[in-house]
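Participant: So that you have it, the file is coords_11.txt, and it contains compact mmCIF, C-alpha atoms:
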# COMPACT_ATOMS: atom_id res chain seq x y z
CA MET A 1 89.05 117.49 125.65
CA LEU A 2 90.29 114.01 124.81
CA SER A 3 93.71 112.63 125.60
CA PHE A 4 96.21 111.74 122.87
CA THR A 5 95.62 108.06 123.66
CA GLU A 6 91.84 108.38 123.35
CA GLU A 7 92.19 110.12 119.99
CA ASN A 8 94.57 107.42 118.78
CA TYR A 9 92.08 104.71 119.73
CA ILE A 10 89.25 106.47 117.92
CA LYS A 11 91.37 106.98 114.82
CA ALA A 12 92.46 103.33 114.86
CA ILE A 13 88.86 102.12 115.16
CA TYR A 14 87.84 104.35 112.25
CA LYS A 15 90.59 102.98 110.01
CA LEU A 16 90.09 99.34 111.02
CA SER A 17 86.35 99.63 110.44
CA GLY A 18 86.84 100.75 106.84
CA GLY A 19 85.81 104.32 107.53
CA GLY A 20 83.29 103.63 110.27
CA ARG A 21 81.30 101.03 108.33
CA ASP A 22 82.11 97.80 110.16
CA GLY A 23 82.50 96.59 113.74
CA VAL A 24 86.03 95.97 115.03
CA ASN A 25 87.18 93.35 117.53
CA THR A 26 89.47 94.18 120.42
CA ASN A 27 92.32 91.99 119.21
CA ALA A 28 92.54 93.94 115.95
CA ILE A 29 92.74 97.19 117.91
CA ALA A 30 95.38 95.74 120.24
CA ASP A 31 97.49 94.67 117.25
CA ALA A 32 97.12 98.05 115.53
CA LEU A 33 98.15 99.98 118.64
CA ASP A 34 100.67 97.42 119.89
CA THR A 35 99.00 97.05 123.27
CA LYS A 36 97.23 94.38 125.32
CA ALA A 37 93.63 93.33 124.76
CA ALA A 38 92.84 94.07 128.43
CA SER A 39 94.02 97.65 127.97
CA VAL A 40 91.83 97.97 124.90
CA THR A 41 88.80 96.76 126.84
CA ASP A 42 89.40 99.34 129.57
CA MET A 43 89.72 102.16 127.03
CA LEU A 44 86.60 101.09 125.15
CA ARG A 45 84.61 101.30 128.37
CA LYS A 46 85.85 104.87 128.85
CA LEU A 47 85.05 105.86 125.28
CA SER A 48 81.63 104.24 125.54
CA ALA A 49 80.89 106.26 128.68
CA LYS A 50 81.76 109.42 126.71
CA GLY A 51 79.36 108.45 123.92
CA LEU A 52 82.10 107.98 121.33
CA VAL A 53 81.80 104.23 120.69
CA ASP A 54 79.18 101.52 120.83
CA TYR A 55 80.83 98.64 122.64
CA VAL A 56 79.40 95.24 123.56
CA LYS A 57 81.83 92.81 125.17
CA TYR A 58 82.74 89.90 122.85
CA LYS A 59 80.84 91.56 119.97
CA GLY A 60 83.26 94.29 119.01
CA VAL A 61 83.06 98.05 118.79
CA SER A 62 81.91 100.71 116.35
CA LEU A 63 82.06 104.48 116.41
CA THR A 64 79.05 106.61 117.22
CA GLU A 65 78.39 109.70 115.09
CA ALA A 66 80.26 111.75 117.70
CA GLY A 67 83.17 109.31 117.59
CA GLU A 68 83.31 109.44 113.81
CA ARG A 69 83.46 113.25 113.93
CA VAL A 70 86.42 113.02 116.30
CA ALA A 71 88.19 110.50 114.04
CA LEU A 72 87.70 112.61 110.92
CA ASN A 73 88.93 115.73 112.71
CA VAL A 74 92.13 114.00 113.85
CA ILE A 75 92.69 112.61 110.35
CA ARG A 76 92.04 116.08 108.88
CA LYS A 77 94.70 117.65 111.10
CA HIS A 78 97.17 114.83 110.40
CA ARG A 79 96.88 115.17 106.63
CA LEU A 80 96.94 118.97 106.65
CA TRP A 81 100.16 118.88 108.66
CA GLU A 82 101.62 116.39 106.19
CA VAL A 83 100.88 118.81 103.35
CA PHE A 84 102.49 121.64 105.32
CA LEU A 85 105.61 119.60 106.07
CA VAL A 86 106.08 118.56 102.44
CA ASP A 87 105.03 121.77 100.65
CA LYS A 88 106.37 124.39 103.04
CA LEU A 89 109.18 122.74 105.01
CA LYS A 90 110.37 120.50 102.15
CA PHE A 91 110.16 117.21 104.00
CA ASN A 92 110.13 114.10 101.81
CA TRP A 93 106.84 112.20 101.72
CA ASP A 94 108.45 109.32 103.63
CA GLU A 95 109.46 111.61 106.53
CA VAL A 96 106.18 113.23 107.51
CA HIS A 97 103.99 110.54 109.08
CA GLU A 98 105.63 110.33 112.50
CA VAL A 99 105.84 114.12 112.84
CA ALA A 100 102.20 114.51 111.83
CA GLU A 101 101.27 111.85 114.40
CA GLU A 102 102.36 114.34 117.07
CA LEU A 103 100.95 117.48 115.46
CA GLU A 104 97.50 115.96 114.88
CA HIS A 105 96.73 116.21 118.60
CA ILE A 106 96.95 120.01 118.75
CA SER A 107 93.41 120.91 119.71
CA SER A 108 93.14 124.51 118.44
CA GLU A 109 90.31 124.71 115.89
CA LEU A 110 91.51 128.17 114.88
CA LEU A 111 94.99 126.86 114.11
CA THR A 112 93.55 124.07 111.95
CA LYS A 113 91.34 126.56 110.11
CA ARG A 114 94.24 128.97 109.51
CA LEU A 115 96.49 126.10 108.41
CA ASP A 116 93.89 124.97 105.89
CA GLU A 117 93.57 128.51 104.54
CA PHE A 118 97.35 129.00 104.41
CA LEU A 119 97.75 125.81 102.36
CA GLY A 120 94.99 126.80 99.93
CA HIS A 121 92.42 124.27 101.15
CA PRO A 122 94.16 121.11 99.84
CA GLN A 123 91.93 118.10 99.19
CA PHE A 124 94.59 115.39 99.25
CA ASP A 125 97.71 114.75 101.33
CA PRO A 126 101.20 113.95 99.94
CA HIS A 127 100.32 110.24 99.77
CA GLY A 128 97.12 110.84 97.80
CA ASP A 129 94.75 110.32 100.73
CA PRO A 130 91.70 112.61 100.88
CA ILE A 131 91.68 115.33 103.54
CA PRO A 132 88.34 115.57 105.37
CA SER A 133 86.71 118.97 105.06
CA GLU A 134 85.83 121.08 108.07
CA ASN A 135 82.42 119.37 107.97
CA GLY A 136 83.96 115.89 107.84
CA GLU A 137 83.31 115.30 104.14
CA LEU A 138 85.78 113.25 102.10
CA LYS A 139 86.31 113.82 98.39
CA LEU A 140 87.03 110.39 96.95
CA LYS A 141 88.48 109.98 93.47
CA PRO A 142 88.06 106.95 91.18
CA GLN A 143 91.12 104.77 91.53
CA LYS A 144 92.30 101.25 90.79
CA LEU A 145 95.18 99.18 92.09
CA LEU A 146 98.06 98.73 89.66
CA ALA A 147 97.76 94.98 90.35
CA ASP A 148 94.26 95.02 88.84
CA MET A 149 95.27 96.74 85.60
CA GLU A 150 95.50 94.79 82.35
CA VAL A 151 98.23 94.82 79.72
CA GLN A 152 98.19 98.10 77.75
CA ASP A 153 96.15 99.84 80.49
CA ASN A 154 97.58 103.12 81.70
CA GLY A 155 96.86 105.64 84.41
CA ILE A 156 98.21 108.34 86.67
CA VAL A 157 99.54 107.49 90.14
CA VAL A 158 97.03 109.02 92.56
CA GLY A 159 97.86 107.32 95.85
CA VAL A 160 99.52 104.54 97.79
CA ASN A 161 98.06 101.81 99.97
CA ASP A 162 101.19 101.63 102.12
CA SER A 163 102.67 104.85 103.50
CA GLN A 164 105.48 103.20 105.46
CA PRO A 165 108.82 104.99 104.90
CA LEU A 166 110.57 101.94 103.40
CA PHE A 167 107.90 101.57 100.72
CA LEU A 168 107.91 105.29 99.87
CA GLN A 169 111.71 105.26 99.68
CA TYR A 170 111.49 102.29 97.31
CA LEU A 171 109.08 104.22 95.07
CA ASP A 172 111.44 107.21 95.07
CA LYS A 173 114.28 104.94 94.01
CA MET A 174 112.17 103.48 91.19
CA GLY A 175 111.05 106.93 90.03
CA ILE A 176 107.39 106.35 90.92
CA PHE A 177 105.62 109.41 92.35
CA LEU A 178 102.17 110.99 92.61
CA GLY A 179 101.22 112.24 89.17
CA ALA A 180 103.51 109.80 87.33
CA LYS A 181 102.03 108.19 84.21
CA ILE A 182 102.28 104.39 84.22
CA LYS A 183 101.50 101.94 81.42
CA VAL A 184 101.31 98.18 81.94
CA LEU A 185 103.46 96.44 79.34
CA ASP A 186 103.22 92.84 80.55
CA LYS A 187 101.91 90.67 83.39
CA ILE A 188 104.09 87.69 84.32
CA PRO A 189 101.87 84.68 85.21
CA TYR A 190 104.52 82.92 87.31
CA ASP A 191 104.55 85.45 90.16
CA SER A 192 102.01 88.09 89.05
CA SER A 193 104.74 90.70 88.72
CA LEU A 194 104.24 93.47 86.17
CA GLU A 195 106.46 95.11 83.59
CA ILE A 196 105.57 98.78 83.46
CA ASN A 197 106.64 101.96 81.71
CA ILE A 198 106.97 105.16 83.70
CA GLU A 199 106.49 108.57 82.10
CA ASN A 200 107.28 107.14 78.64
CA LYS A 201 110.90 107.05 79.76
CA LYS A 202 111.87 103.80 81.42
CA ASN A 203 110.64 100.25 81.81
CA LEU A 204 110.92 98.22 84.99
CA VAL A 205 109.44 95.14 86.64
CA VAL A 206 107.57 95.51 89.94
CA SER A 207 106.44 92.70 92.21
CA SER A 208 102.81 91.85 92.86
CA GLU A 209 103.28 93.18 96.41
CA VAL A 210 104.32 96.58 95.08
CA ALA A 211 101.51 96.56 92.50
CA ARG A 212 98.95 95.94 95.27
CA ASN A 213 100.07 99.14 96.99
CA ILE A 214 99.91 101.66 94.16
CA PHE A 215 96.66 103.34 93.15
CA LEU A 216 96.18 104.66 89.61
CA SER A 217 93.41 106.86 88.25
CA ALA A 218 90.53 104.62 87.17
Could I get this file's structure written as structure tokens?

Facilitator:
Amino acid sequence: MLSFTEENYIKAIYKLSGGGRDGVNTNAIADALDTKAASVTDMLRKLSAKGLVDYVKYKGVSLTEAGERVALNVIRKHRLWEVFLVDKLKFNWDEVHEVAEELEHISSELLTKRLDEFLGHPQFDPHGDPIPSENGELKLKPQKLLADMEVQDNGIVVGVNDSQPLFLQYLDKMGIFLGAKIKVLDKIPYDSSLEINIENKKNLVVSSEVARNIFLSA
């Protein structure tokens, strides 16, 4: 059994490392978890002793295979709970992250298995992120940032790069949602903003910052 804090550290390392691929320095972990670097160092020693991370002082940290399994399991539970909250309890997609942050630490494997079955084995969460399978496999789909699309390109919104509530609320206000069809009408050189059409219904201009946080089908 791991503590909530230990699971949060492992999940943070997984995300900061780009899915377990790269080493992560302690300052990045401290920033992500809003804690002190000294506290991070103490926790990394504990996780290293449990065989969950490879940690060398001043050289950063990476997850072991066991640590990656833990990270993927926590992420799996988090995203399944987000699907449950949106599909079954009618939460908005901007309301579920903080609740799922608490629910992801429920340790019952049977509950997770039954939840997955109850939801029909979903492969993606309400933000378009892939849900790890029971074996830790991720089904990735081809996608491209709206910012990288060219004029006259079009695609379907399949995910977001920023799941903060304020951004999701902005998308709701603009009428941008998962499954929405977007066509790029123009790219403005001055500030790299884009004029787009949504669902063949309305045109609007989005900033480069917004365009860098919307994924379309590639």

Participant: Quick one: of A:Ser48, A:Asn73, A:Thr26, A:Thr35, who's nearest to A:Glu7, counting all atoms listed in the file?

Facilitator: A:Asn73

Participant: Considering all atoms listed in the file, return as a list in words whatever protein or nucleic-acid residues lie within 12 Å of A:Asn203, sequence-local ones (same chain, fewer than 3 positions apart) excluded.

Facilitator: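 Everything that qualifies: Met174, Gly175, Ile176, Lys181, Ile182, Lys183, Val184, Leu185, Asp186, Leu194, Glu195, Ile196, Asn197, Ile198, Glu199, Asn200 and Val206 of chain A.
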
Participant: Mind dumping the selected residues with C-alpha atoms as an mmCIF file, keeping the file's coordinate frame?

Facilitator:
data_model
loop_
_atom_site.group_PDB
_atom_site.id
_atom_site.type_symbol
_atom_site.label_atom_id
_atom_site.label_comp_id
_atom_site.auth_asym_id
_atom_site.auth_seq_id
_atom_site.Cartn_x
_atom_site.Cartn_y
_atom_site.Cartn_z
ATOM 1 C CA MET A 174 112.170 103.480 91.190
ATOM 2 C CA GLY A 175 111.050 106.930 90.030
ATOM 3 C CA ILE A 176 107.390 106.350 90.920
ATOM 4 C CA LYS A 181 102.030 108.190 84.210
ATOM 5 C CA ILE A 182 102.280 104.390 84.220
ATOM 6 C CA LYS A 183 101.500 101.940 81.420
ATOM 7 C CA VAL A 184 101.310 98.180 81.940
ATOM 8 C CA LEU A 185 103.460 96.440 79.340
ATOM 9 C CA ASP A 186 103.220 92.840 80.550
ATOM 10 C CA LEU A 194 104.240 93.470 86.170
ATOM 11 C CA GLU A 195 106.460 95.110 83.590
ATOM 12 C CA ILE A 196 105.570 98.780 83.460
ATOM 13 C CA ASN A 197 106.640 101.960 81.710
ATOM 14 C CA ILE A 198 106.970 105.160 83.700
ATOM 15 C CA GLU A 199 106.490 108.570 82.100
ATOM 16 C CA ASN A 200 107.280 107.140 78.640
ATOM 17 C CA VAL A 206 107.570 95.510 89.940
#

Participant: Closest to A:Ala211 among A:Ile156, A:Ala180, A:Leu146, A:Thr112, using all atoms listed in the file?

Facilitator: A:Leu146

Participant: Using only C-alpha atoms, which residue out of A:Tyr14, A:Asn25, A:Leu115, A:Ala37 lies closest to A:Ala66?

Facilitator: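 The shortest atom-to-atom distance to A:Ala66 comes from A:Tyr14.
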
Participant: Residues of stretch 53-167 of chain A within 10 Å of stretch 207-210 of chain A: nearest atom pair and distance (Å, one decimal) for each, counting only C-alpha atoms, sorted by chain and number, as CSV?

Facilitator:
residue,atom,partner,partner_atom,distance
A:Leu145,CA,A:Val210,CA,10.0
A:Leu146,CA,A:Val210,CA,8.6
A:Ala147,CA,A:Ser208,CA,6.4
A:Asp148,CA,A:Ser208,CA,10.0
A:Val160,CA,A:Val210,CA,9.7
A:Asn161,CA,A:Val210,CA,9.5
A:Asp162,CA,A:Val210,CA,9.2
A:Phe167,CA,A:Val210,CA,8.3

Participant: From the options A:His127, A:Lys139, A:Lys88, A:Lys15, which residue's atoms come nearest to A:Phe215, counting all atoms listed in the file?

Facilitator: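 Among the listed residues, A:His127 lies closest to A:Phe215.
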
Participant: Would you mind listing what lies within 12 Å of A:Ala100 as a list in words, with all atoms listed in the file counted and same-chain residues fewer than 2 positions away left out?

Facilitator: Val74, Ile75, Arg76, Lys77, His78, Arg79, Leu80, Trp81, Glu82, Val83, Phe84, Leu85, Val86, Phe91, Trp93, Asp94, Glu95, Val96, His97, Glu98, Glu102, Leu103, Glu104, His105, Ile106, Asp125 and Pro126 of chain A

Participant: Quick one: pull the distance between atom CA of A:Val158 and atom CA of A:Ile13, Å, one decimal.

Facilitator: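 Taking atom CA of A:Val158 as the start and atom CA of A:Ile13 as the end point, the length is 25.0 Å.
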
Participant: Quick one: everything within 12 Å of A:Arg114, counting only C-alpha atoms, minus sequence neighbours fewer than 3 positions away in the same chain. Send it as a ChimeraX atom specification.

Facilitator: /A:77,80-81,84,108-111,117-121,134
